[in-house]
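The data block below is my_file23.txt; it holds compact mmCIF, C-alpha atoms.
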```
# COMPACT_ATOMS: atom_id res chain seq x y z
CA MET U 1 50.36 -77.19 -24.45
CA LEU U 2 49.14 -78.61 -21.20
CA THR U 3 48.59 -75.04 -20.14
CA LEU U 4 44.98 -75.39 -21.32
CA ALA U 5 44.36 -78.17 -18.79
CA SER U 6 45.64 -76.02 -15.93
CA LYS U 7 43.70 -73.02 -17.25
CA LEU U 8 40.48 -75.04 -17.38
CA LYS U 9 40.99 -76.15 -13.77
CA ARG U 10 41.80 -72.59 -12.69
CA ASP U 11 38.76 -71.14 -14.53
CA GLU U 12 36.55 -73.81 -13.01
CA GLY U 13 37.73 -72.82 -9.53
CA VAL U 14 37.13 -69.11 -10.21
CA LYS U 15 33.60 -69.66 -11.56
CA THR U 16 32.54 -71.94 -8.74
CA GLY U 17 34.46 -70.19 -5.96
CA ARG U 18 36.19 -73.49 -5.23
CA PRO U 19 39.87 -74.24 -5.47
CA PRO U 20 41.03 -76.24 -8.51
CA GLY U 21 40.56 -79.96 -8.03
CA GLY U 22 37.53 -79.51 -5.78
CA PRO U 23 33.96 -80.56 -6.60
CA SER U 24 32.83 -79.10 -9.90
CA ASP U 25 29.75 -77.11 -10.75
CA SER U 26 27.57 -78.93 -13.28
CA SER U 27 26.88 -75.66 -15.13
CA HIS U 28 30.54 -75.40 -16.20
CA ARG U 29 31.51 -78.31 -18.39
CA VAL U 30 34.46 -78.85 -20.64
CA SER U 31 33.48 -80.40 -23.96
CA ILE U 32 34.54 -83.93 -24.80
CA ARG U 33 36.44 -82.52 -27.77
CA ASP U 34 38.48 -80.21 -25.55
CA ARG U 35 39.25 -83.00 -23.07
CA LEU U 36 40.45 -85.21 -25.93
CA LEU U 37 42.50 -82.40 -27.43
CA ILE U 38 44.41 -81.74 -24.22
CA LYS U 39 45.67 -85.32 -24.27
CA GLU U 40 46.09 -85.57 -28.05
CA VAL U 41 48.02 -82.31 -28.44
CA ALA U 42 50.49 -83.40 -25.76
CA GLU U 43 50.93 -86.75 -27.55
CA LEU U 44 51.23 -84.99 -30.91
CA GLU U 45 53.93 -82.64 -29.68
CA ALA U 46 55.89 -85.59 -28.27
CA ASN U 47 55.63 -87.52 -31.58
CA LEU U 48 55.74 -84.81 -34.25
CA PRO U 49 57.68 -85.81 -37.39
CA SER U 50 60.95 -83.90 -37.77
CA THR U 51 59.58 -82.40 -41.00
CA CYS U 52 56.52 -80.88 -39.28
CA LYS U 53 55.89 -77.95 -36.99
CA ALA U 54 52.54 -77.32 -35.29
CA SER U 55 51.62 -73.87 -34.06
CA PHE U 56 48.65 -72.75 -32.00
CA PRO U 57 47.77 -69.07 -32.56
CA ASP U 58 45.66 -69.13 -29.38
CA GLU U 59 46.90 -71.61 -26.77
CA ASN U 60 43.41 -71.66 -25.30
CA LYS U 61 41.92 -72.94 -28.56
CA LEU U 62 43.51 -76.29 -29.23
CA HIS U 63 40.78 -76.99 -31.78
CA HIS U 64 42.34 -74.57 -34.27
CA PHE U 65 45.98 -74.81 -35.29
CA GLN U 66 48.41 -74.59 -38.17
CA LEU U 67 50.82 -77.20 -39.42
CA ALA U 68 53.91 -76.54 -41.54
CA VAL U 69 55.33 -79.51 -43.47
CA SER U 70 58.86 -79.22 -44.89
CA PRO U 71 59.63 -82.47 -46.75
CA ASP U 72 63.26 -83.59 -46.66
CA GLU U 73 62.96 -85.93 -49.66
CA GLY U 74 61.03 -86.43 -52.89
CA TYR U 75 59.46 -84.00 -55.37
CA TYR U 76 58.63 -81.41 -52.72
CA GLN U 77 61.96 -81.44 -50.88
CA SER U 78 63.02 -78.03 -49.55
CA GLY U 79 59.49 -76.59 -49.79
CA THR U 80 57.33 -75.61 -46.83
CA PHE U 81 53.60 -76.20 -47.04
CA HIS U 82 51.11 -74.75 -44.58
CA PHE U 83 47.87 -76.37 -43.47
CA GLU U 84 45.05 -75.04 -41.32
CA ILE U 85 43.37 -77.61 -39.10
CA ASP U 86 40.01 -77.07 -37.40
CA VAL U 87 38.65 -79.68 -35.05
CA PRO U 88 34.82 -79.61 -34.99
CA GLU U 89 32.80 -79.91 -31.79
CA ALA U 90 31.67 -83.43 -32.86
CA TYR U 91 35.30 -84.66 -32.84
CA ASN U 92 36.24 -87.61 -32.53
CA MET U 93 33.14 -88.92 -34.26
CA VAL U 94 33.97 -86.73 -37.27
CA PRO U 95 37.40 -85.90 -38.69
CA PRO U 96 39.16 -82.57 -38.41
CA LYS U 97 38.72 -80.14 -41.31
CA VAL U 98 42.03 -79.55 -43.07
CA LYS U 99 42.88 -77.07 -45.79
CA CYS U 100 46.20 -76.43 -47.50
CA GLN U 101 47.04 -72.73 -47.29
CA THR U 102 49.98 -72.95 -49.71
CA ARG U 103 49.29 -73.02 -53.44
CA ILE U 104 50.82 -76.26 -54.66
CA TRP U 105 50.81 -78.42 -57.79
CA HIS U 106 50.09 -81.78 -56.16
CA PRO U 107 47.97 -84.74 -57.33
CA ASN U 108 46.24 -85.04 -53.94
CA ILE U 109 45.77 -81.35 -53.15
CA ALA U 110 43.46 -79.15 -55.22
CA GLU U 111 44.60 -75.68 -56.21
CA THR U 112 41.88 -74.36 -53.87
CA GLY U 113 43.41 -76.21 -50.88
CA GLU U 114 41.10 -79.23 -50.56
CA ILE U 115 42.94 -82.43 -49.65
CA CYS U 116 42.40 -85.99 -50.80
CA LEU U 117 43.51 -88.12 -47.87
CA SER U 118 41.39 -91.13 -47.00
CA LEU U 119 41.66 -90.75 -43.23
CA LEU U 120 40.01 -87.32 -43.52
CA ARG U 121 36.91 -88.83 -45.13
CA GLU U 122 34.00 -89.23 -42.77
CA HIS U 123 32.57 -92.08 -44.83
CA SER U 124 34.93 -94.25 -46.80
CA ILE U 125 34.04 -97.22 -48.97
CA ASP U 126 37.46 -98.85 -48.52
CA GLY U 127 37.37 -98.70 -44.71
CA THR U 128 40.41 -96.45 -44.47
CA GLY U 129 38.44 -93.29 -43.64
CA TRP U 130 37.95 -91.57 -40.32
CA ALA U 131 37.21 -93.65 -37.25
CA PRO U 132 36.86 -92.56 -33.60
CA THR U 133 40.08 -94.44 -32.85
CA ARG U 134 42.11 -92.04 -35.01
CA THR U 135 43.87 -89.04 -33.48
CA LEU U 136 45.46 -85.74 -34.48
CA LYS U 137 48.76 -87.58 -34.65
CA ASP U 138 47.33 -89.75 -37.45
CA VAL U 139 46.19 -86.62 -39.32
CA VAL U 140 49.61 -84.94 -39.04
CA TRP U 141 51.51 -88.07 -40.08
CA GLY U 142 49.06 -88.52 -42.99
CA LEU U 143 49.58 -84.95 -44.20
CA ASN U 144 53.34 -85.40 -43.90
CA SER U 145 53.12 -88.62 -45.92
CA LEU U 146 51.32 -86.85 -48.78
CA PHE U 147 54.77 -85.62 -49.76
CA THR U 148 56.43 -89.05 -49.70
CA ASP U 149 54.84 -92.50 -49.55
CA LEU U 150 51.15 -91.46 -49.82
CA LEU U 151 51.68 -89.41 -52.96
CA ASN U 152 48.90 -90.99 -55.07
CA PHE U 153 48.90 -90.69 -58.84
CA ASP U 154 46.28 -93.43 -59.37
CA ASP U 155 43.30 -91.68 -57.75
CA PRO U 156 44.19 -87.97 -57.88
CA LEU U 157 42.16 -85.00 -56.77
CA ASN U 158 44.12 -82.78 -59.16
CA ILE U 159 44.16 -84.86 -62.36
CA ASP U 160 46.27 -82.34 -64.30
CA ALA U 161 48.97 -82.36 -61.62
CA ALA U 162 49.03 -86.18 -61.55
CA GLU U 163 49.32 -86.40 -65.34
CA HIS U 164 52.05 -83.75 -65.33
CA HIS U 165 54.07 -85.59 -62.66
CA LEU U 166 53.71 -88.94 -64.46
CA ARG U 167 54.64 -87.41 -67.83
CA ASP U 168 57.75 -85.74 -66.36
CA LYS U 169 58.72 -88.88 -64.45
CA LEU U 170 58.43 -90.96 -67.64
CA HIS U 171 60.35 -88.30 -69.59
CA LEU U 172 63.14 -88.25 -66.99
CA SER U 173 63.32 -92.08 -66.93
CA ILE U 174 63.57 -92.32 -70.74
CA ASN U 175 66.30 -89.65 -70.82
CA TRP U 176 68.24 -91.44 -68.08
CA ILE U 177 68.03 -94.79 -69.93
CA LEU U 178 69.16 -93.19 -73.24
CA ALA U 179 72.06 -91.30 -71.60
```
Reformat the file's structure so that it appears as structure tokens.
Amino acid sequence: MLTLASKLKRDEGVKTGRPPGGPSDSSHRVSIRDRLLIKEVAELEANLPSTCKASFPDENKLHHFQLAVSPDEGYYQSGTFHFEIDVPEAYNMVPPKVKCQTRIWHPNIAETGEICLSLLREHSIDGTGWAPTRTLKDVVWGLNSLFTDLLNFDDPLNIDAAEHHLRDKLHLSINWILA
């Protein structure tokens, strides 16, 4: 993914008539978001969970990518769930926008694809929301954890799914004890 960094340098040289690495023209600036993303995408790719795969439809647009999560344990084991991630221009002061593209019956994911994950909240009462110190790696690991340790039945976005999971879990536990 570091191809964007080299492309930006090459484009800068073409526009200014200077070789890459030379003095830059103040009219051609790379946004702060794009500079952060070059570094963060490289870090993300080096530290991607084994259950996740990131794909960039356009390698020149690091601010828009897809994530596939394939849990290897828990309720959602053997499924593959697709997310679309858009990083706004105001990043890293605001969180990325994430939407689940796969229809799923999950307490923390609405049937329309909205996601309840505290680190994606711009303003959070409990202090666990977005902060400029968070990175794309945190977002990916958080989405991955929605299928394991962050599965939250106590404060669900999809109340029906949470109640269904809890009812089935209780039913399975009672049957196991009686068996």
In terms of all atoms listed in the file, the residue from U:Leu150, U:Leu136, U:Leu36, U:Leu67 at minimal distance from Cys52 of chain U is U:Leu67
Residues near Ala54 of chain U, cut-off 8 Å, all atoms listed in the file, skip fewer than 6 positions along chain, as a VMD selection string:
chain U and resid 45 65 to 68
Self-check item: Straight-line distance linking atom CA of His63 of chain U with atom CA of Ile85 of chain U, stated in Å to one decimal
Solution: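 Between atom CA of His63 of chain U and atom CA of Ile85 of chain U the gap works out to 7.8 Å.
Nearest to Thr51 of chain U of all the residues U:Asn144, U:Tyr91, U:Arg134, U:Tyr75 is U:Asn144, based on all atoms listed in the file.
Each of U:Lys61, U:Lys53, U:Lys137, U:Arg33 was compared to Met93 of chain U using all atoms listed in the file, and U:Arg33 turns out to be the nearest.
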